[in-house]
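Have a look at the structure below, then the notes.
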Amino acid sequence: MAITIVHNGRLITPLAGTAATGHVLIENGRVAGIGPGALLDVPDATYIDAAGGFIGPGFIDVHVHGADGHDAMDATPEALHAIARYKARHGVTGFLPATMTDAGDAIRAALANIGACEGAVDDGAAILGAHIEGPYFSVEQKGAQPGAYIRRAAPQEYEAWFDLCTVGVFSVAVEYPEHLPLVAYARQRGAAASVGHSGASYEQVLNALPWGLNHVTHTYNGMSGLHHRTPGVALAALAVPDLYAEIICDMHHVHPAMVDLAVKSKTPARAVLITDAIRATGLPDGEYMLGKQTAIVRDGLPRTPEGSLAGSSLTMDAALRNVLGATGVSLAEAWRMASLTPAESIGIDGRKGSLAVGKDADLVVLDEYLEVVLTMVKGKVVYRRA
Ligand SMILES: [Zn+2]
């Protein structure tokens with residue numbers, strides 16, 4: 001296979017910060033070399049000029065419901081492919097489509113479809129597996145999850161889901177004792193076990209740690225909060241060092257000061273930028289379906305008719321820019337929260353998440369305004385700005 005060289009951009013290597021202008025050499029879909037300066041005169045190489053922008057690892061979004069008129073619960077290849085193409089336009093090279101609380105048949109169909117579509121997508125981000133978000137939640141913390149389908153975890157239902165596709169993250173409320181075996185089971189099957197849509201006490205979250213709990217679904221949103229006498233899931237998310245904490249950094253779901261607190265508490269090595277984006281993402285304001293619920297989008301912000309935030313219309317490149325505005329982190333640290341940290345949180349950092357020799361050539365080129373210029377998955381350009 002031919003050699004591709006992306007050059008003339010500042011390299012983002014999450015562990016070493018922002019290096020000087022350099023190049024990335026790509027062969028057989030993998031990073032074969034990284035170095036400073038230019039690497040000219042390689043015979044038969046295809047050169048991609050980053051024009052003085054930034055060259056970094058592609059973004060990984062571990063929590064996305066939909067985009068561009070489509071939703072993972074549509075359970076069709078067309079829906080996932082359209083979402084994958086939209087994600088690539090915003091620098092994402094891999095993502096976990098997220099299911100919603102729904103009837104068993106609907107969840108099974110969505111997961112079987114994700115299983116059938118896993119892997120590379122033409123002109124899109126790769127589908128890395130599923131984020132199962134529901135139905136084993138707390139009705140009090142349902143947010144935009146439909147309460148009528150919220151139920152207690154049953155092994156005869158959830159065990160079969162793991163045979164339908166790769167499960168990257170399983171979100172569950174941990175205050176119910178019968179949910180703790182699911183936490184252990186998810187870890188045993190290779191998924192992150194995530195506390196979400198949960199009214200658990202701080203102590204109940206600690207109690208789930210020995211079962212394998214290692215992830216937190218959209219920290220602060222859909223969970224018991226930060227009260228000083230009754231610290232809930234949110235405090236546990238911040239205080240337990242090893243928990244990976246998802247954050248929706250659209251500046252609406254979480255106040256910028258609380259984003260700053262989360263990033264300071266977690267460090268960029270445990271804070272995971274997600275979008276939680278829905279079908280309406282990339283489309284004008286209006287009324288859309290989120291699963292079986294209506295979401296009314298005004299000024300880009302989706303809400304249920306009752307007024308709960310209903311996912312977002314956030315993109316990962318915007319999340320990167322927003323977290324820089326909300327916190328004092330460096331660009332390389334912010335980028336880590338959108339690439340390596342999410343990869344680590346779902347255990348795929350051996351092959352994805354950073355620019356390193358031997359890893360998949362999943363990268364994104366941003367211009368000086370941190371807007372996406374080009375997205376590449378396994379050495380193949382899947383998006384190039386016109
Ligand atoms: Zn949610």
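By order of appearance in the structure tokens: chains A, B, ..., then residues from 1 within every chain, and ligands from 1 in the order shown.
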Throw together the list of residues within 9 Å of ligand 1, counting only C-alpha atoms and all ligand atoms, and drop it here as an mmCIF file with N, CA and C atoms, in the first residue's frame.
```
data_model
loop_
_atom_site.group_PDB
_atom_site.id
_atom_site.type_symbol
_atom_site.label_atom_id
_atom_site.label_comp_id
_atom_site.auth_asym_id
_atom_site.auth_seq_id
_atom_site.Cartn_x
_atom_site.Cartn_y
_atom_site.Cartn_z
ATOM 1 N N HIS A 63 -20.467 8.533 23.288
ATOM 2 C CA HIS A 63 -21.883 8.704 23.658
ATOM 3 C C HIS A 63 -22.568 9.593 22.630
ATOM 4 N N MET A 100 -31.328 3.976 23.598
ATOM 5 C CA MET A 100 -32.144 4.673 24.603
ATOM 6 C C MET A 100 -32.989 3.644 25.341
ATOM 7 N N GLU A 133 -27.511 2.817 26.742
ATOM 8 C CA GLU A 133 -27.957 3.814 27.725
ATOM 9 C C GLU A 133 -29.400 3.513 28.102
ATOM 10 N N GLY A 134 -29.549 2.705 29.125
ATOM 11 C CA GLY A 134 -30.875 2.301 29.575
ATOM 12 C C GLY A 134 -31.194 0.904 29.125
ATOM 13 N N LYS A 142 -34.583 10.340 35.191
ATOM 14 C CA LYS A 142 -34.698 9.838 33.812
ATOM 15 C C LYS A 142 -34.259 10.856 32.765
ATOM 16 N N GLY A 143 -34.315 12.177 33.093
ATOM 17 C CA GLY A 143 -33.993 13.156 32.061
ATOM 18 C C GLY A 143 -34.911 12.938 30.875
ATOM 19 N N ALA A 144 -34.356 12.717 29.683
ATOM 20 C CA ALA A 144 -35.179 12.500 28.490
ATOM 21 C C ALA A 144 -35.382 11.017 28.189
ATOM 22 N N GLN A 145 -35.008 10.137 29.126
ATOM 23 C CA GLN A 145 -35.262 8.697 28.929
ATOM 24 C C GLN A 145 -36.730 8.443 29.274
ATOM 25 N N SER A 171 -24.540 1.881 30.575
ATOM 26 C CA SER A 171 -24.943 2.834 31.612
ATOM 27 C C SER A 171 -26.066 2.250 32.445
ATOM 28 N N GLY A 196 -25.228 5.975 35.576
ATOM 29 C CA GLY A 196 -25.928 7.031 34.860
ATOM 30 C C GLY A 196 -27.414 7.027 35.172
ATOM 31 N N HIS A 197 -28.053 8.179 34.963
ATOM 32 C CA HIS A 197 -29.483 8.338 35.275
ATOM 33 C C HIS A 197 -29.780 7.651 36.594
ATOM 34 N N THR A 217 -21.686 8.340 33.385
ATOM 35 C CA THR A 217 -22.423 8.845 32.219
ATOM 36 C C THR A 217 -22.791 10.313 32.432
ATOM 37 N N HIS A 218 -22.495 11.136 31.445
ATOM 38 C CA HIS A 218 -22.700 12.599 31.486
ATOM 39 C C HIS A 218 -22.745 13.160 32.920
ATOM 40 N N ASN A 221 -25.328 15.513 34.893
ATOM 41 C CA ASN A 221 -26.660 15.438 34.286
ATOM 42 C C ASN A 221 -27.281 14.071 34.545
ATOM 43 N N GLY A 222 -28.544 14.060 34.995
ATOM 44 C CA GLY A 222 -29.246 12.801 35.250
ATOM 45 C C GLY A 222 -28.667 12.060 36.444
ATOM 46 N N ASP A 276 -23.312 13.398 23.395
ATOM 47 C CA ASP A 276 -24.696 13.018 23.692
ATOM 48 C C ASP A 276 -25.621 13.618 22.622
ATOM 49 N N ALA A 310 -32.690 17.354 26.446
ATOM 50 C CA ALA A 310 -32.883 16.078 25.756
ATOM 51 C C ALA A 310 -31.725 15.839 24.804
ATOM 52 N N GLY A 311 -30.572 15.465 25.362
ATOM 53 C CA GLY A 311 -29.393 15.322 24.536
ATOM 54 C C GLY A 311 -28.939 16.696 24.069
#
```
Using only C-alpha atoms, which protein or nucleic acid residues come within 8 Å of Ala45 (chain A)? Drop anything in the same chain fewer than 2 positions from it, and give the result as a list of chain:residue names.
A:Ala2, A:Ile3, A:Thr4, A:Ile5, A:Val42, A:Pro43, A:Tyr47
Writing out the chosen residues with N, CA and C atoms as a short mmCIF file (atom, residue, chain, number, x, y, z; two decimals), in the first residue's frame:
```cif
data_model
loop_
_atom_site.label_atom_id
_atom_site.label_comp_id
_atom_site.auth_asym_id
_atom_site.auth_seq_id
_atom_site.Cartn_x
_atom_site.Cartn_y
_atom_site.Cartn_z
N ALA A 2 0.37 2.24 -0.62
CA ALA A 2 1.15 3.47 -0.77
C ALA A 2 1.38 4.17 0.57
N ILE A 3 2.34 5.06 0.54
CA ILE A 3 2.68 5.83 1.73
C ILE A 3 1.99 7.20 1.66
N THR A 4 1.42 7.63 2.77
CA THR A 4 0.85 8.97 2.86
C THR A 4 1.62 9.74 3.93
N ILE A 5 1.91 11.01 3.65
CA ILE A 5 2.60 11.84 4.63
C ILE A 5 1.77 13.09 4.88
N VAL A 42 10.01 11.39 -0.48
CA VAL A 42 9.74 9.96 -0.32
C VAL A 42 9.07 9.51 -1.63
N PRO A 43 9.68 8.57 -2.35
CA PRO A 43 9.14 8.20 -3.66
C PRO A 43 7.70 7.68 -3.55
N TYR A 47 1.28 13.40 -0.44
CA TYR A 47 1.49 14.41 0.60
C TYR A 47 0.18 15.14 0.91
#
```
Which residue of A:Leu290, A:Leu11, A:Val121, A:Leu213 approaches Tyr86 (chain A) most closely, using only C-alpha atoms
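When distances to Tyr86 (chain A) are compared using only C-alpha atoms, the smallest one comes from A:Val121.
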Region 288-382 of chain A near region 232-254 of chain A within 12 Å: what's each residue's closest atom pair and its distance in Å to one decimal, counting only C-alpha atoms, ordered by chain then ascending residue number, as JSON lines?
```
{"residue": "A:Asp299", "atom": "CA", "partner": "A:His252", "partner_atom": "CA", "distance": 11.1}
{"residue": "A:Gly300", "atom": "CA", "partner": "A:Asp250", "partner_atom": "CA", "distance": 10.2}
{"residue": "A:Leu301", "atom": "CA", "partner": "A:His252", "partner_atom": "CA", "distance": 8.0}
{"residue": "A:Pro302", "atom": "CA", "partner": "A:His252", "partner_atom": "CA", "distance": 10.5}
{"residue": "A:Arg303", "atom": "CA", "partner": "A:His253", "partner_atom": "CA", "distance": 11.0}
{"residue": "A:Ser308", "atom": "CA", "partner": "A:His253", "partner_atom": "CA", "distance": 10.3}
{"residue": "A:Leu309", "atom": "CA", "partner": "A:His253", "partner_atom": "CA", "distance": 7.4}
{"residue": "A:Ala310", "atom": "CA", "partner": "A:His253", "partner_atom": "CA", "distance": 9.8}
{"residue": "A:Gly311", "atom": "CA", "partner": "A:His253", "partner_atom": "CA", "distance": 8.8}
{"residue": "A:Ser312", "atom": "CA", "partner": "A:Asp250", "partner_atom": "CA", "distance": 7.6}
{"residue": "A:Ser313", "atom": "CA", "partner": "A:Asp250", "partner_atom": "CA", "distance": 8.3}
{"residue": "A:Leu314", "atom": "CA", "partner": "A:Asp250", "partner_atom": "CA", "distance": 6.0}
{"residue": "A:Thr315", "atom": "CA", "partner": "A:Asp250", "partner_atom": "CA", "distance": 8.6}
{"residue": "A:Met316", "atom": "CA", "partner": "A:Cys249", "partner_atom": "CA", "distance": 9.1}
{"residue": "A:Asp317", "atom": "CA", "partner": "A:Cys249", "partner_atom": "CA", "distance": 10.6}
{"residue": "A:Ala318", "atom": "CA", "partner": "A:Asp250", "partner_atom": "CA", "distance": 7.6}
{"residue": "A:Ala319", "atom": "CA", "partner": "A:Cys249", "partner_atom": "CA", "distance": 5.3}
{"residue": "A:Leu320", "atom": "CA", "partner": "A:Cys249", "partner_atom": "CA", "distance": 8.2}
{"residue": "A:Arg321", "atom": "CA", "partner": "A:Cys249", "partner_atom": "CA", "distance": 9.2}
{"residue": "A:Asn322", "atom": "CA", "partner": "A:Cys249", "partner_atom": "CA", "distance": 6.4}
{"residue": "A:Val323", "atom": "CA", "partner": "A:Cys249", "partner_atom": "CA", "distance": 6.4}
{"residue": "A:Leu324", "atom": "CA", "partner": "A:Cys249", "partner_atom": "CA", "distance": 10.1}
{"residue": "A:Gly325", "atom": "CA", "partner": "A:Met251", "partner_atom": "CA", "distance": 9.6}
{"residue": "A:Ala326", "atom": "CA", "partner": "A:Met251", "partner_atom": "CA", "distance": 8.3}
{"residue": "A:Thr327", "atom": "CA", "partner": "A:Cys249", "partner_atom": "CA", "distance": 10.9}
{"residue": "A:Ala334", "atom": "CA", "partner": "A:Cys249", "partner_atom": "CA", "distance": 11.3}
{"residue": "A:Met337", "atom": "CA", "partner": "A:Glu246", "partner_atom": "CA", "distance": 9.4}
{"residue": "A:Ala338", "atom": "CA", "partner": "A:Glu246", "partner_atom": "CA", "distance": 10.3}
{"residue": "A:Leu340", "atom": "CA", "partner": "A:Tyr244", "partner_atom": "CA", "distance": 11.9}
{"residue": "A:Thr341", "atom": "CA", "partner": "A:Tyr244", "partner_atom": "CA", "distance": 8.2}
{"residue": "A:Pro342", "atom": "CA", "partner": "A:Tyr244", "partner_atom": "CA", "distance": 8.3}
{"residue": "A:Ala343", "atom": "CA", "partner": "A:Tyr244", "partner_atom": "CA", "distance": 10.8}
{"residue": "A:Glu344", "atom": "CA", "partner": "A:Tyr244", "partner_atom": "CA", "distance": 9.0}
{"residue": "A:Ser345", "atom": "CA", "partner": "A:Tyr244", "partner_atom": "CA", "distance": 6.3}
{"residue": "A:Ile346", "atom": "CA", "partner": "A:Tyr244", "partner_atom": "CA", "distance": 9.6}
{"residue": "A:Gly347", "atom": "CA", "partner": "A:Tyr244", "partner_atom": "CA", "distance": 11.6}
```
Using DSSP assignments from the backbone, pull out every residue in region 169-298 of chain A that falls under helix (DSSP H, G or I) and give it to me as a ChimeraX atom specification.
/A:177-188,202-211,233-239,256-266
Quick one: of A:Tyr220, A:Leu331, A:Ile26, A:Ala88, who's nearest to Met258 (chain A), counting only C-alpha atoms?
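Ranked by minimum distance to Met258 (chain A), first place goes to A:Tyr220.
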Please list as a list in words every residue within 12 Å of Asn207 (chain A), counting only C-alpha atoms and excluding residues in the same chain fewer than 5 positions away.
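The filter keeps Val174, Glu175, Tyr176, Pro177, His179, Leu180, Val183, Val195, Ala200, Ser201, Tyr202, Gly212, Leu213, Val233, Ala236 and Val240 of chain A.
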Which polymer residues have any atom within 9 Å of an atom of Gly129 (chain A), counting only C-alpha atoms, with same-chain residues fewer than 6 positions away left out, as a PyMOL selection string?
chain A and resi 95-97+111+114-115+117-119+165-169
The selected residues should be written to file as a PDB file, in the first residue's frame (atoms: C-alpha atoms).
```pdb
ATOM      1  CA  PHE A  95     -17.806   6.511  17.991  1.00  0.00           C
ATOM      2  CA  LEU A  96     -20.237   4.455  20.031  1.00  0.00           C
ATOM      3  CA  PRO A  97     -23.847   4.860  18.852  1.00  0.00           C
ATOM      4  CA  LEU A 111     -27.884  -3.410  18.924  1.00  0.00           C
ATOM      5  CA  ILE A 114     -24.829  -1.732  15.393  1.00  0.00           C
ATOM      6  CA  GLY A 115     -23.269  -5.209  15.361  1.00  0.00           C
ATOM      7  CA  CYS A 117     -22.423  -2.108  10.916  1.00  0.00           C
ATOM      8  CA  GLU A 118     -19.377  -2.232  13.210  1.00  0.00           C
ATOM      9  CA  GLY A 119     -16.073  -1.195  11.678  1.00  0.00           C
ATOM     10  CA  CYS A 165     -22.455  -6.272  19.066  1.00  0.00           C
ATOM     11  CA  THR A 166     -19.361  -4.971  20.817  1.00  0.00           C
ATOM     12  CA  VAL A 167     -20.544  -3.131  23.907  1.00  0.00           C
ATOM     13  CA  GLY A 168     -18.265  -0.203  24.728  1.00  0.00           C
ATOM     14  CA  VAL A 169     -20.213   1.311  27.621  1.00  0.00           C
TER      15      VAL A 169
END
```
